[in-house]
Structures are given as C-alpha cells and as structure tokens.
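Trainee: Below is the file target-v6.cif, which contains mmCIF, C-alpha atoms and all ligand atoms.
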```
data_data
#
loop_
_atom_site.label_atom_id
_atom_site.label_comp_id
_atom_site.auth_asym_id
_atom_site.auth_seq_id
_atom_site.Cartn_x
_atom_site.Cartn_y
_atom_site.Cartn_z
CA MET A 24 122.14 103.26 201.45
CA ALA A 25 123.42 106.76 201.04
CA LEU A 26 124.79 108.22 197.89
CA LYS A 27 126.47 111.07 199.66
CA GLY A 28 130.20 110.86 199.25
CA ILE A 29 130.08 108.09 196.69
CA SER A 30 133.03 108.32 194.35
CA ARG A 31 132.48 108.72 190.65
CA LYS A 32 134.15 105.37 190.03
CA ASP A 33 131.84 103.61 192.46
CA PHE A 34 128.87 105.38 191.01
CA ILE A 35 129.67 104.32 187.47
CA LYS A 36 130.31 100.78 188.70
CA THR A 37 126.98 100.73 190.49
CA SER A 38 125.06 102.03 187.53
CA ALA A 39 126.86 99.63 185.22
CA LEU A 40 125.68 96.74 187.36
CA GLY A 41 122.23 97.58 186.25
CA VAL A 42 120.65 99.32 189.20
CA THR A 43 117.25 100.18 187.91
CA GLY A 44 115.36 103.27 188.76
CA PHE A 45 116.99 106.62 188.54
CA MET A 46 119.46 108.22 190.78
CA THR A 47 119.92 111.66 191.95
CA ALA A 48 123.55 111.59 191.44
CA PRO A 49 126.83 112.36 192.96
CA SER A 50 130.32 113.56 192.92
CA LEU A 51 131.63 116.31 190.73
CA LEU A 52 128.52 118.38 190.99
CA GLY A 53 128.42 117.57 194.66
CA PHE A 54 124.98 116.01 194.41
CA ASN A 55 123.43 114.47 197.47
CA GLY A 56 121.04 111.75 196.52
CA THR A 57 117.74 111.72 198.31
CA VAL A 58 117.20 108.13 199.24
CA ALA A 59 113.89 106.88 200.47
CA GLU A 60 113.75 103.40 201.94
CA GLY A 61 116.73 102.17 199.98
CA LYS A 62 115.43 103.42 196.66
CA TYR A 63 116.81 106.14 194.51
CA THR A 64 114.51 109.02 193.80
CA THR A 65 113.62 109.53 190.18
CA THR A 66 113.95 113.29 190.11
CA MET A 67 116.93 115.58 190.09
CA VAL A 68 116.83 119.34 190.02
CA LEU A 69 119.82 121.24 188.71
CA LYS A 70 119.68 124.87 189.69
CA ASN A 71 121.75 127.85 188.60
CA VAL A 72 122.06 126.39 185.09
CA ARG A 73 122.93 128.77 182.26
CA LEU A 74 120.82 128.41 179.12
CA GLU A 75 120.86 130.44 175.93
CA THR A 76 117.72 132.53 175.44
CA GLY A 77 118.33 134.63 172.34
CA PHE A 78 120.65 136.66 170.15
CA ILE A 79 121.55 140.30 170.66
CA TYR A 80 121.67 142.28 167.41
CA GLU A 81 123.44 145.43 166.32
CA GLU A 82 122.69 146.81 162.87
CA GLY A 83 121.09 143.52 161.93
CA GLU A 84 124.09 141.43 162.95
CA VAL A 85 124.22 138.97 165.83
CA VAL A 86 126.85 140.43 168.15
CA ALA A 87 126.25 138.44 171.32
CA THR A 88 124.18 135.65 172.84
CA ARG A 89 121.73 136.30 175.64
CA THR A 90 121.59 133.75 178.43
CA GLY A 91 119.67 133.32 181.67
CA LEU A 92 119.87 131.17 184.77
CA PHE A 93 117.35 128.37 185.28
CA CYS A 94 116.32 125.38 187.31
CA VAL A 95 116.17 122.21 185.23
CA GLU A 96 114.18 119.30 186.59
CA ILE A 97 115.11 115.87 185.30
CA ASN A 98 112.79 112.94 185.70
CA ASP A 99 113.28 109.35 184.52
CA GLY A 100 116.16 110.35 182.26
CA VAL A 101 114.35 113.15 180.48
CA ILE A 102 114.06 116.86 181.05
CA ALA A 103 110.76 117.40 182.82
CA LYS A 104 110.58 121.09 183.55
CA ILE A 105 112.57 124.31 183.08
CA THR A 106 111.84 127.23 185.39
CA PRO A 107 113.63 130.50 186.17
CA TYR A 108 116.44 130.15 188.69
CA ASP A 109 115.36 130.47 192.27
CA PRO A 110 118.30 130.48 194.72
CA ALA A 111 116.00 129.10 197.41
CA ALA A 112 114.96 126.13 195.29
CA GLU A 113 115.88 122.62 196.37
CA GLY A 114 118.46 121.14 194.04
CA GLU A 115 122.07 120.86 193.09
CA ASP A 116 123.95 123.99 192.17
CA ALA A 117 125.48 123.95 188.68
CA GLY A 118 127.40 127.13 189.49
CA GLY A 119 126.15 129.06 186.47
CA MET A 120 127.76 126.64 184.01
CA LEU A 121 126.41 126.61 180.46
CA MET A 122 124.27 123.57 179.67
CA LEU A 123 124.61 122.17 176.16
CA PRO A 124 123.37 118.98 174.50
CA ALA A 125 125.79 116.12 175.25
CA PHE A 126 128.25 115.65 172.41
CA LYS A 127 128.17 112.77 169.92
CA ASP A 128 131.15 111.11 168.31
CA MET A 129 129.76 109.76 165.05
CA HIS A 130 132.85 107.96 163.79
CA ILE A 131 135.21 106.06 166.03
CA HIS A 132 136.71 102.58 166.31
CA LEU A 133 136.23 101.67 169.96
CA ASP A 134 137.20 98.06 169.29
CA LYS A 135 140.67 98.74 167.97
CA THR A 136 142.89 101.09 169.93
CA PHE A 137 146.18 101.44 171.75
CA TYR A 138 144.57 103.92 174.17
CA GLY A 139 145.07 102.79 177.77
CA GLY A 140 148.38 101.14 176.83
CA PRO A 141 151.87 102.54 176.25
CA TRP A 142 152.55 105.36 173.80
CA LYS A 143 153.26 104.14 170.31
CA ALA A 144 153.67 106.31 167.23
CA VAL A 145 152.70 104.95 163.82
CA ARG A 146 155.31 103.38 161.56
CA LYS A 147 156.02 104.60 158.04
CA ARG A 148 153.24 103.29 155.86
CA GLN A 149 153.54 101.18 152.78
CA GLY A 150 150.98 99.90 150.33
CA GLY A 151 148.08 102.21 151.21
CA VAL A 152 144.97 100.68 152.76
CA LYS A 153 145.97 97.20 151.57
CA GLY A 154 149.28 97.64 153.41
CA MET A 155 147.33 98.57 156.53
CA ILE A 156 145.18 95.45 156.15
CA ALA A 157 148.36 93.32 156.09
CA LEU A 158 149.58 95.14 159.21
CA GLU A 159 146.28 94.54 160.99
CA GLN A 160 146.40 90.85 160.18
CA GLU A 161 149.62 90.76 162.20
CA LEU A 162 148.47 93.00 165.07
CA LEU A 163 144.90 91.98 165.75
CA SER A 164 145.36 88.80 167.77
CA GLU A 165 147.50 90.69 170.28
CA MET A 166 145.14 93.71 170.33
CA LEU A 167 142.13 91.50 171.00
CA LYS A 168 143.63 90.41 174.32
CA THR A 169 143.09 93.88 175.77
CA SER A 170 140.37 95.30 173.54
CA THR A 171 137.53 95.16 176.08
CA HIS A 172 139.52 97.07 178.69
CA ARG A 173 140.82 99.59 176.16
CA ALA A 174 137.36 100.26 174.77
CA GLU A 175 136.21 101.06 178.31
CA LYS A 176 139.14 103.46 178.75
CA ILE A 177 138.23 105.25 175.50
CA VAL A 178 134.61 105.55 176.60
CA GLU A 179 135.85 107.21 179.81
CA LEU A 180 138.02 109.58 177.75
CA LEU A 181 135.06 110.52 175.57
CA GLN A 182 132.88 111.11 178.63
CA SER A 183 135.52 113.41 180.09
CA ARG A 184 135.34 115.44 176.86
CA GLY A 185 131.55 115.75 177.06
CA THR A 186 130.55 112.91 174.72
CA ALA A 187 127.75 110.58 175.82
CA PHE A 188 127.13 108.75 172.55
CA ALA A 189 129.25 107.17 169.83
CA ARG A 190 128.78 105.44 166.52
CA SER A 191 131.53 102.87 166.55
CA HIS A 192 132.74 100.82 163.64
CA VAL A 193 133.72 97.31 164.67
CA ASN A 194 135.99 95.01 162.68
CA ILE A 195 134.31 92.08 161.00
CA GLU A 196 136.97 90.15 159.06
CA PRO A 197 138.47 86.64 158.93
CA THR A 198 141.40 87.42 161.25
CA SER A 199 139.31 88.33 164.29
CA GLY A 200 135.98 86.85 163.17
CA MET A 201 133.33 88.00 165.65
CA LYS A 202 135.84 88.50 168.45
CA SER A 203 136.21 92.29 168.07
CA LEU A 204 132.43 92.61 168.26
CA GLU A 205 132.13 90.31 171.28
CA ASN A 206 134.82 92.20 173.17
CA LEU A 207 133.32 95.58 172.37
CA GLU A 208 129.85 94.42 173.39
CA LYS A 209 131.27 93.44 176.78
CA ALA A 210 132.81 96.89 177.23
CA LEU A 211 129.59 98.64 176.26
CA GLN A 212 127.60 96.41 178.58
CA HIS A 213 129.90 97.47 181.43
CA LYS A 214 129.32 101.13 180.52
CA LYS A 215 125.66 100.75 179.71
CA GLY A 216 124.22 103.09 182.33
CA GLY A 217 126.50 105.93 181.31
CA PHE A 218 127.10 105.82 177.59
CA GLY A 219 125.08 105.20 174.43
CA ALA A 220 126.41 103.59 171.27
CA GLU A 221 125.39 102.27 167.89
CA LEU A 222 127.58 99.83 165.97
CA VAL A 223 128.63 99.54 162.34
CA ALA A 224 129.70 96.09 161.09
CA PHE A 225 132.91 97.10 159.36
CA PRO A 226 134.58 94.83 156.77
CA GLN A 227 137.98 96.44 157.38
CA HIS A 228 139.74 93.86 155.22
CA GLY A 229 137.32 94.16 152.32
CA ILE A 230 134.14 92.20 151.72
CA TYR A 231 135.74 90.11 148.97
CA TYR A 232 139.46 91.02 149.21
CA THR A 233 139.42 88.75 152.23
CA ASP A 234 136.52 86.37 152.56
CA SER A 235 134.29 88.49 154.81
CA ALA A 236 130.87 88.26 153.15
CA GLY A 237 129.67 85.36 155.31
CA LEU A 238 130.81 87.05 158.51
CA MET A 239 129.16 90.30 157.44
CA ALA A 240 125.88 88.48 156.82
CA GLU A 241 126.14 86.91 160.26
CA ALA A 242 126.82 90.29 161.88
CA ALA A 243 124.00 91.98 159.94
CA ALA A 244 121.49 89.64 161.53
CA MET A 245 122.51 90.69 165.05
CA ASP A 246 120.46 93.17 167.05
CA SER A 247 123.58 94.94 168.29
CA ILE A 248 124.48 96.00 164.73
CA GLY A 249 122.75 99.13 163.48
CA TYR A 250 124.68 99.81 160.28
CA ILE A 251 126.33 97.88 157.48
CA GLY A 252 129.84 99.16 156.83
CA GLY A 253 132.00 99.08 153.75
CA LEU A 254 135.47 99.98 152.52
CA ASP A 255 136.73 101.43 149.24
CA PRO A 256 134.78 99.10 146.90
CA TYR A 257 137.06 99.58 143.91
CA THR A 258 140.56 99.71 145.38
CA ILE A 259 139.94 96.94 147.92
CA ASP A 260 137.28 94.68 146.39
CA GLY A 261 137.95 95.54 142.74
CA ASN A 262 134.28 96.01 141.87
CA ILE A 263 132.12 98.94 142.92
CA GLU A 264 128.74 97.44 142.04
CA ARG A 265 129.38 94.04 143.61
CA SER A 266 130.55 95.54 146.90
CA VAL A 267 127.87 98.26 147.15
CA ASP A 268 125.09 95.87 146.07
CA PHE A 269 126.12 93.50 148.86
CA MET A 270 125.93 96.29 151.47
CA VAL A 271 122.58 97.50 150.18
CA ARG A 272 121.14 93.98 150.17
CA LEU A 273 122.27 93.31 153.75
CA ALA A 274 120.90 96.66 154.92
CA LEU A 275 117.51 96.07 153.30
CA ASP A 276 117.22 92.44 154.39
CA HIS A 277 118.00 93.26 158.02
CA ASN A 278 116.51 96.75 158.25
CA LYS A 279 119.83 98.48 158.98
CA GLY A 280 121.50 101.67 157.82
CA ILE A 281 124.73 101.95 155.83
CA ASP A 282 127.94 103.73 156.80
CA MET A 283 130.75 103.18 154.32
CA HIS A 284 134.40 104.19 154.65
CA LEU A 285 135.34 105.80 151.34
CA HIS A 286 138.94 106.99 151.15
CA GLU A 287 139.42 106.51 147.44
CA THR A 288 139.39 109.51 145.13
CA GLY A 289 139.46 109.86 141.35
CA ASP A 290 136.95 108.22 139.00
CA SER A 291 136.34 105.19 141.19
CA GLY A 292 135.68 107.34 144.27
CA LEU A 293 133.20 109.51 142.40
CA ARG A 294 131.56 106.53 140.72
CA THR A 295 131.09 104.91 144.15
CA VAL A 296 129.33 108.04 145.43
CA THR A 297 127.02 108.29 142.44
CA TYR A 298 126.28 104.55 142.46
CA LEU A 299 125.36 104.70 146.15
CA ILE A 300 123.08 107.68 145.41
CA GLU A 301 121.37 105.62 142.68
CA LYS A 302 120.87 102.69 145.02
CA VAL A 303 119.42 104.82 147.81
CA ASN A 304 117.06 106.51 145.36
CA GLU A 305 115.87 103.06 144.26
CA ASN A 306 115.42 102.01 147.91
CA PRO A 307 113.86 104.88 149.87
CA LYS A 308 114.07 102.83 153.08
CA LEU A 309 117.76 103.76 153.09
CA ARG A 310 117.13 107.50 153.01
CA ASN A 311 118.40 109.38 156.07
CA ARG A 312 120.17 106.26 157.31
CA THR A 313 122.99 106.04 154.77
CA PHE A 314 126.34 107.72 155.36
CA LEU A 315 129.68 108.11 153.63
CA SER A 316 132.56 108.35 156.07
CA HIS A 317 135.51 110.49 154.93
CA CYS A 318 134.40 110.68 151.28
CA PHE A 319 137.68 112.39 150.39
CA VAL A 320 136.76 112.42 146.71
CA LEU A 321 134.49 115.40 147.40
CA GLY A 322 137.58 117.44 148.27
CA LYS A 323 139.25 116.56 144.96
CA ILE A 324 136.61 117.49 142.39
CA PRO A 325 135.85 120.88 140.80
CA VAL A 326 133.59 123.28 142.69
CA SER A 327 130.73 122.88 140.22
CA LYS A 328 130.86 119.10 140.69
CA GLN A 329 130.95 119.53 144.49
CA GLU A 330 127.76 121.56 144.27
CA GLU A 331 126.07 118.99 142.04
CA ILE A 332 126.99 116.05 144.29
CA ALA A 333 126.08 117.93 147.48
CA GLU A 334 122.62 118.61 146.09
CA LYS A 335 122.18 114.95 145.14
CA LEU A 336 123.39 113.70 148.53
CA ALA A 337 120.95 116.00 150.31
CA HIS A 338 118.13 114.94 148.01
CA SER A 339 118.84 111.24 148.65
CA GLY A 340 119.23 111.65 152.41
CA ILE A 341 122.87 110.52 152.44
CA GLY A 342 125.03 112.04 155.18
CA VAL A 343 128.78 112.67 155.23
CA ILE A 344 130.93 112.02 158.27
CA SER A 345 134.22 113.86 158.30
CA THR A 346 137.11 114.10 160.73
CA ILE A 347 137.77 117.61 159.28
CA PRO A 348 141.00 116.90 157.42
CA PHE A 349 143.29 119.82 156.60
CA GLY A 350 146.64 120.25 154.95
CA GLY A 351 146.66 118.08 151.83
CA LEU A 352 142.89 117.81 151.55
CA VAL A 353 140.07 120.08 152.64
CA MET A 354 136.48 118.84 152.47
CA PRO A 355 133.75 121.11 151.03
CA LEU A 356 131.74 121.10 154.26
CA PRO A 357 130.25 124.58 153.73
CA THR A 358 128.87 123.37 150.39
CA LEU A 359 127.45 120.24 152.01
CA TYR A 360 125.78 122.38 154.69
CA LYS A 361 124.48 124.81 152.06
CA TYR A 362 122.52 122.03 150.37
CA GLY A 363 121.33 120.53 153.64
CA VAL A 364 123.51 117.40 153.76
CA ASP A 365 123.65 115.80 157.20
CA VAL A 366 127.27 116.45 158.24
CA ALA A 367 128.72 114.76 161.32
CA THR A 368 132.16 114.23 162.83
CA GLY A 369 134.13 111.88 165.01
CA ASN A 370 137.60 111.23 166.33
CA ASP A 371 138.05 108.05 164.24
CA SER A 372 141.39 107.11 165.83
CA ILE A 373 142.46 108.19 169.30
CA ILE A 374 145.77 106.36 169.24
CA ASP A 375 146.25 103.28 167.09
CA HIS A 376 148.24 102.01 164.12
CA TRP A 377 146.40 104.46 161.79
CA ASN A 378 147.19 107.67 163.69
CA THR A 379 147.64 109.17 167.13
CA TRP A 380 145.91 112.52 166.81
CA GLY A 381 142.51 111.95 168.44
CA SER A 382 141.98 114.06 171.56
CA GLY A 383 138.59 112.53 172.27
CA SER A 384 136.87 115.91 171.91
CA VAL A 385 134.34 116.61 169.16
CA LEU A 386 134.04 120.17 170.48
CA GLU A 387 137.62 120.49 169.26
CA LYS A 388 136.45 119.27 165.83
CA ALA A 389 133.81 122.04 165.80
CA ASN A 390 136.59 124.50 166.64
CA LEU A 391 138.75 123.12 163.86
CA MET A 392 135.88 123.45 161.41
CA ALA A 393 135.32 127.05 162.49
CA GLN A 394 138.99 127.90 161.99
CA LEU A 395 139.28 126.09 158.68
CA TYR A 396 136.21 127.62 157.05
CA GLY A 397 136.34 131.05 158.70
CA TYR A 398 133.29 130.74 160.98
CA ARG A 399 134.43 133.53 163.28
CA THR A 400 131.35 135.64 164.04
CA GLU A 401 129.12 135.07 167.06
CA PHE A 402 126.41 133.61 164.82
CA ASP A 403 128.70 131.34 162.79
CA LEU A 404 130.51 130.07 165.88
CA SER A 405 127.22 129.34 167.61
CA ARG A 406 126.05 127.38 164.53
CA SER A 407 129.31 125.40 164.47
CA LEU A 408 128.34 123.70 167.72
CA LYS A 409 126.03 121.45 165.71
CA LEU A 410 129.03 119.47 164.51
CA ALA A 411 129.70 118.37 168.10
CA THR A 412 126.07 117.64 169.00
CA HIS A 413 125.06 116.10 165.66
CA ASN A 414 122.72 118.92 164.75
CA ILE A 415 121.12 119.84 168.08
CA LEU A 416 121.48 123.57 168.81
CA PRO A 417 120.12 125.48 171.81
CA LEU A 418 118.94 128.39 169.61
CA ASP A 419 117.45 128.25 166.12
CA ASP A 420 118.78 130.60 163.43
CA GLU A 421 116.37 133.33 164.57
CA GLY A 422 117.53 133.05 168.18
CA ASN A 423 114.51 131.21 169.59
CA ARG A 424 115.31 128.67 172.26
CA GLN A 425 114.65 125.20 170.84
CA TRP A 426 116.70 123.17 173.33
CA PRO A 427 116.26 122.05 176.02
CA LYS A 428 112.55 121.53 176.29
CA ALA A 429 110.40 119.23 178.37
CA GLY A 430 110.61 115.70 177.02
CA ASP A 431 114.18 116.00 175.66
CA GLU A 432 116.60 113.28 176.69
CA ALA A 433 118.55 114.49 179.72
CA SER A 434 121.95 113.87 178.12
CA VAL A 435 123.65 117.18 178.71
CA VAL A 436 127.08 118.62 179.22
CA LEU A 437 127.97 121.48 181.54
CA VAL A 438 130.80 123.62 180.20
CA ASP A 439 132.65 126.57 181.64
CA ALA A 440 131.51 129.04 178.98
CA SER A 441 129.13 131.96 178.63
CA CYS A 442 127.55 130.76 175.36
CA SER A 443 127.90 128.22 172.51
CA ALA A 444 130.06 130.56 170.44
CA GLU A 445 132.58 130.88 173.26
CA ALA A 446 132.49 127.13 173.92
CA VAL A 447 133.39 126.43 170.27
CA SER A 448 135.98 129.17 169.98
CA ARG A 449 137.74 128.48 173.27
CA ILE A 450 137.11 124.69 173.37
CA SER A 451 135.82 125.41 176.86
CA PRO A 452 136.49 122.89 179.61
CA VAL A 453 133.86 120.25 180.28
CA HIS A 454 132.73 120.40 183.88
CA SER A 455 130.20 117.56 184.01
CA LEU A 456 128.36 115.14 181.76
CA LEU A 457 124.93 113.65 182.34
CA TYR A 458 123.73 110.67 180.33
CA ARG A 459 119.97 110.16 180.51
CA GLY A 460 119.80 111.99 183.79
CA GLN A 461 122.77 110.34 185.44
CA VAL A 462 126.01 112.13 186.17
CA VAL A 463 128.75 110.10 184.51
CA PHE A 464 131.52 112.66 184.61
ZN ZN A 501 137.20 104.88 160.46
#
```
What is this structure when it is put down as structure tokens?
Mentor:
Amino acid sequence: MALKGISRKDFIKTSALGVTGFMTAPSLLGFNGTVAEGKYTTTMVLKNVRLETGFIYEEGEVVATRTGLFCVEINDGVIAKITPYDPAAEGEDAGGMLMLPAFKDMHIHLDKTFYGGPWKAVRKRQGGVKGMIALEQELLSEMLKTSTHRAEKIVELLQSRGTAFARSHVNIEPTSGMKSLENLEKALQHKKGGFGAELVAFPQHGIYYTDSAGLMAEAAAMDSIGYIGGLDPYTIDGNIERSVDFMVRLALDHNKGIDMHLHETGDSGLRTVTYLIEKVNENPKLRNRTFLSHCFVLGKIPVSKQEEIAEKLAHSGIGVISTIPFGGLVMPLPTLYKYGVDVATGNDSIIDHWNTWGSGSVLEKANLMAQLYGYRTEFDLSRSLKLATHNILPLDDEGNRQWPKAGDEASVVLVDASCSAEAVSRISPVHSLLYRGQVVF
C-alpha cells in the first residue's frame, strides 16, 4: 500500500483503526511514506525546520531570538536526532516553519458541547450555578444523542489550532449517569492515534446537592479517570469539609489527582482554598497532582492575601487552571507565577449553554495573558508561550535550547512564525500538528 496521496481524513481514519507501527506521514506537509513490504517505516525526517537557539541581547536586554534551520529525525513517536539542516538530506521539507511543542488544553468539557451543531447563543441566566444545573437537567438527554460525534468535532478543532492533548472534565451526575463518560470514551477511542487526553470525573450537579457520590465512587475506580473533580463545595453542597474530604478520599483510595471547579468567592471560596491546602499538606501523595480550576476568589482578595495564598499553593504543589478572565475579574497570574505555582489554561467552553467564546486555541490564551498583564517584550512574550504548552519552552531563561532534545515526545506544532515571541504576539497560524510522530493536521 502506498501512503502517497492519502487524504488527511483517510489517514486519521486509518490511524484511528489502530494500525500499529509508525507511519511516515502524509498530506499537508506533502509527506511521502516510505513503505517496505506493506509496512510503514518507523522513521520520519523533517528537514528545514526552524528551532530557537538563543537570545540576542542589547545592553543586557533580550531584543530578539536567534533561530537556525535543522533536520529533525523522529523515530517510534519520539525525537531521535537533531542535526543542522542539509538541503540534500532525505526527508520532508517543513519550509522553514517554526517548530514548537504541541499545545495542551488543560481545561475543557469535550463531553458537553454544541460544537458541530447549529449556532446557539446562551440564554439569560438565572439562579447562578444552581440555575445552570437545572438547565442541564433539561438539556442533557438531548445532548447525549450527539455527544460522541460532537466530541470528535471538537478534537478536530483543537488539532487545527495546534493542540494535541486535553484534560477534559466529564459529567458524572444522576441525569446522565455514566453515559457522558461512555460517549466521550468512544470519541477518544476513535481519535486515539492522533490525540491524547486525561479525564476528570466531574460532579457537575454537586456531590451531595444531587445524589452523585455513588456515581463518583464508581467513576473513580475506572482506569480512564485520572482526576477527581469537584464543584463549589459550599454554594452547591452546603459543606466545604464534607465535599472536599470526599474528593480527597476518592483520590487517595484510587491513586488519582484532583481538579476542582471553584467559582465561588468570598469567605467560602477562600476557606475552600485553604482547606484544600491543608488536606494536600496532610497527604503528600496529592502534591503536584491537585488543581483548582478558575479559583476566582484569588482575584477578589487583597494583594497581600494573594501573595500569601500563592506561596502556600506553590509550597503544597497545587496548580491553578485559568481561562484568563478579564473585564469584571482579573486573576493574579503574575503573582502565581512569581511564587512558582503551576499555572495552566484551557478553552473550557467552545460553544455550549455556558458560553460561546472558545476559539479552540490556547495560543490565543497566551496572547490574551500577554496583553492583560503587559508581557510585551521579546523575553516576556517568549515566556508566555508556556501557558499554551503547559510549561514546555524551547529556550530556558538564559537562552539555552532545552527543547526539543533526543527522547522528547514527538508531539510538535509547526507555526508560521520566526520565534515564540512572534507566535504569541501574532497568534501565528498553525501549519501542521504532529502527535507522537504522526501528522494529524
Ligand atoms: Zn469547566
């Protein structure tokens, strides 16, 4: 069989069917697979790839980023070798595009979306999160009919924006039971060769506000679940300790992480943060695998308190995942970074009954962060890329190349930019995406 001329759709279909072995791959890059006796070769060489090699300084300030052209050899899904560009080398020409680590969307709801269906703006909201729970109880049975297909469409959108990995929350509540999870697992199975994901069991209707504890325990025992979710323990469940203790117990019993939605502010929001810090300190197994999503309360407390909490979060290994809100509430992300908190981002909603603003691009989130907090210099813009890649940067702060190196996963994006700083500032177009050595966009 020949790969030459295979369409991207066919290629993704083929890889999703579980063809083992690795492919030198097709389509947008114009790859021609070398096929020996019906088997795919395991090696691909990308030539004419732009990589960052250092910073250029003037009067002690980074004023530009130095790049060079290289050949990148990929073997069995990992980067095997990086050598200077040789125009005569065998391989596929990347046209001088900038190679960056593939992007990661660390907060999205792939199971629950209108994307792929007709346009629908949100209705005026009533009753806060509890009002939204009531709305979901009406909508979910209809949404579940198409949720596998729509999750696949969102995955394709994310791939087209350079994202090869997502942390998706998945509804676990009495209305849909395990059905949201089952449907999403089907979609991810179909996309398996081209997209990575980890799942958070999300009690969207409260653990106790609706009777979800049994379902959560069932989900926590499943291999497909990596994180125990939660939702506004005080405003939804009416008891911070009871709700957080339940999450912590499930996480410890099943060796999972925690990723809790926390929208609530005020005393209860702050108490939830400090109680979670206490619990993680008591249970070091949860360090570096516990996250607060949104955590709006941090944007509503005095600066001195922000500093104190940021330091404690960093010390406990608790990360914060933010969609970079602006307008009514601005998160203290620079303070979180200053203390070394693991900060990540995601689209959350693309288009659903919560909002319709998600573009699918986390590079756009990095741009938004740069605008919001004034990261406008070459150095600051280049650092802002870490929001899109979940902390992987081509250059370290001194300008030494730290990515890619031999042994790194070959999940990379090729963008039409001269350097990271330009990519963030211009939200440069994504040309191609490779997931573990396979071209998926
Ligand atoms: Zn969410």
Trainee: Throw together the list of residues within 12 Å of ligand ZN 501 (chain A), counting all atoms listed in the file, and drop it here as number ranges by chain.
Mentor: A: 128-136, 152, 190-194, 223-227, 252-255, 282-286, 315-318, 344-346, 368-373, 375-378, 381
Trainee: For the atom pair atom CA of Lys388 of chain A and atom CA of Ser407 of chain A, what is the interatomic distance in Å to one decimal place?
Mentor: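 We find that atom CA of Lys388 of chain A and atom CA of Ser407 of chain A lie 9.5 Å from each other.
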Trainee: Rank nothing, just name the residue among A:Asn71, A:Thr400, A:Thr65, A:Asn390 nearest to Thr106 of chain A, using only C-alpha atoms.
Mentor: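 That would be A:Asn71, the residue with the smallest distance to Thr106 of chain A.
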Trainee: Within 6 Å of segment 207-221 of chain A, counting only C-alpha atoms, which residues show up once you throw out same-chain ones fewer than 5 positions away? Write them as a ChimeraX atom specification, please.
Mentor: /A:38-39,134,171,175,187-190,458,463
Trainee: Would you mind reading off the distance between atom CA of Glu387 of chain A and atom CA of Met122 of chain A, one decimal, in Å?
Mentor: 17.2 Å
Trainee: Would you compute the distance between atom CA of Arg310 of chain A and atom CA of Tyr360 of chain A? Give it in Å to one decimal.
Mentor: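 These two atoms are separated by 17.3 Å.
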Trainee: I'd like the neighbourhood of Tyr138 of chain A as a PDB file with C-alpha atoms, keeping the file's coordinate frame, where a residue qualifies if any of its atoms comes within 9 Å (using only C-alpha atoms), though same-chain residues fewer than 4 positions away should be ignored.
Mentor:
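So selection.pdb came out as:
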```
ATOM      1  CA  TRP A 142     152.550 105.360 173.800  1.00  0.00           C
ATOM      2  CA  ARG A 173     140.820  99.590 176.160  1.00  0.00           C
ATOM      3  CA  ALA A 174     137.360 100.260 174.770  1.00  0.00           C
ATOM      4  CA  LYS A 176     139.140 103.460 178.750  1.00  0.00           C
ATOM      5  CA  ILE A 177     138.230 105.250 175.500  1.00  0.00           C
ATOM      6  CA  ILE A 373     142.460 108.190 169.300  1.00  0.00           C
ATOM      7  CA  ILE A 374     145.770 106.360 169.240  1.00  0.00           C
ATOM      8  CA  ASP A 375     146.250 103.280 167.090  1.00  0.00           C
TER       9      ASP A 375
END
```
Trainee: Pick from A:Thr295, A:Ser203, A:Leu92, A:Thr186: nearest to Ala411 of chain A, with only C-alpha atoms counted?
Mentor: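 With only C-alpha atoms as the atom set, the closest residue is A:Thr186.
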Trainee: Which one of A:Asn311, A:Thr379, A:Ser266, A:Ser164 sits closest to Val366 of chain A if you count all atoms listed in the file?
Mentor: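 Between A:Asn311, A:Thr379, A:Ser266, A:Ser164, the residue approaching Val366 of chain A most closely is A:Asn311.
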Trainee: If we count all atoms listed in the file, what is near Asp439 of chain A at a cut-off of 6 Å, once residues fewer than 5 positions away on the same chain are taken out, given as a PyMOL selection string?
Mentor: chain A and resi 120+451-452
Trainee: Considering only C-alpha atoms, state which residue in the set A:Ile105, A:Gln160, A:Gly351, A:Ile450 is at the smallest distance from Ser382 of chain A.
Mentor: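 Among the listed residues, the smallest separation from Ser382 of chain A belongs to A:Ile450.
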Trainee: Considering all atoms listed in the file, can you say which of A:Lys328, A:Arg459, A:His277, A:Lys335 comes closest to Asn304 of chain A?
Mentor: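 Of all the options, A:Lys335 lies closest to Asn304 of chain A.
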Trainee: For Leu391 of chain A, which of A:Tyr257, A:Leu123, A:Leu408, A:Arg272 is the closest residue, counting all atoms listed in the file?
Mentor: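 For Leu391 of chain A, the nearest of the candidates is A:Leu408.
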Trainee: Taking (123.0, 129.8, 183.1) in the file's own coordinates, collect the residues within 12 Å, counting all atoms listed in the file, and hand them back as a PyMOL selection string.
Mentor: chain A and resi 69-76+88-95+105-109+116-123+437-443
Trainee: Would you mind listing what lies within 8 Å of Val68 of chain A as a ChimeraX atom specification, with all atoms listed in the file counted and same-chain residues fewer than 5 positions away left out?
Mentor: /A:94-97,113-115
Trainee: May I have the residues at most 12 Å from (141.2, 82.1, 162.4) in the file's coordinates, counting all atoms listed in the file, as a ChimeraX atom specification?
Mentor: /A:160,163-164,196-202,234
